[in-house]
Amino acid sequence: MAKYGLVEFWKPRDNWYDLTKEQKAGFLNGIRENIATLSARGVKLIGIYRCRGFGDWDGMAFFECPDSDSVEAVAEGSESHDWYHYFEGNNIVGTFQSLEEWAAHVDRMGNTTPR
């Protein structure tokens, strides 16, 4: 069974700054609950990183997911808590490869036409 990695990039939308401190606290508590629910499904939050000053995004998070259903659960959890209402984001998903699998893939890249 394939193991998946998901990287989520984000930056706040203007309406995030319009929320009161209490509204932000409620929103963040919902996100914490979502992460706990995902964890119970086998999703691991590997880390959250601040990116400001290094590119166009304010932050990024790395998740490790045991299957494609849990990848979808990460996205659905974000949507159900209005994440995309307050944050612009971009997600990238890939399947796990060992170093040797990756090296073999890169080696083959020079022998075939890209598709």
# chains A, B, ... in the order shown; residues from 1 in each chain; ligands from 1
>>> select_by_dssp(residues="chain A", states="alpha helix (DSSP H)", output="PyMOL selection string")
chain A and resi 21-40+68-80+83-86+99-109
>>> residues_around(residues="stretch 74-76 of chain A", least_positions_apart="6", cutoff="12 Å", atoms="only C-alpha atoms", output="PyMOL selection string")
chain A and resi 4-8+31+34-39+41-45+61-68+82-84+89-93
>>> residues_around(residues="stretch 12-25 of chain A", least_positions_apart="2", cutoff="9 Å", atoms="only C-alpha atoms", output="list in words")
Trp10, Phe27, Leu28, Asn29, Gly30, Trp57, Asp58, Tyr84, His85, Tyr86, Phe87, Glu88 and Gly89 of chain A
>>> write_last_selection(atoms="C-alpha atoms", output="PDB file, in the first residue's frame")
ATOM      1  CA  TRP A  10      -0.785  29.055   2.641  1.00  0.00           C
ATOM      2  CA  PHE A  27     -11.149  29.157  14.284  1.00  0.00           C
ATOM      3  CA  LEU A  28      -7.807  27.875  15.567  1.00  0.00           C
ATOM      4  CA  ASN A  29      -9.512  25.568  18.073  1.00  0.00           C
ATOM      5  CA  GLY A  30     -11.436  24.053  15.147  1.00  0.00           C
ATOM      6  CA  TRP A  57       3.679  31.808   0.998  1.00  0.00           C
ATOM      7  CA  ASP A  58       3.437  32.626   4.701  1.00  0.00           C
ATOM      8  CA  TYR A  84      -9.868  28.460   2.399  1.00  0.00           C
ATOM      9  CA  HIS A  85     -12.216  31.290   3.320  1.00  0.00           C
ATOM     10  CA  TYR A  86      -9.471  32.867   5.418  1.00  0.00           C
ATOM     11  CA  PHE A  87      -6.341  31.488   3.742  1.00  0.00           C
ATOM     12  CA  GLU A  88      -5.228  31.131   0.171  1.00  0.00           C
ATOM     13  CA  GLY A  89      -3.549  27.771  -0.268  1.00  0.00           C
TER      14      GLY A  89
END
>>> select_by_dssp(residues="stretch 7-79 of chain A", states="strand (DSSP E or B)", output="list in words")
Val7, Glu8, Phe9, Trp10, Lys11, Pro12, Lys44, Leu45, Ile46, Gly47, Ile48, Tyr49, Arg50, Gly59, Met60, Ala61, Phe62, Phe63, Glu64 and Cys65 of chain A
>>> atom_distance(atom1="atom CA of A:Ile46", atom2="atom CA of A:Ala104")
26.0 Å
>>> residues_around(residues="A:Ser98", least_positions_apart="4", cutoff="12 Å", atoms="only C-alpha atoms", output="PyMOL selection string")
chain A and resi 2-3+102-105
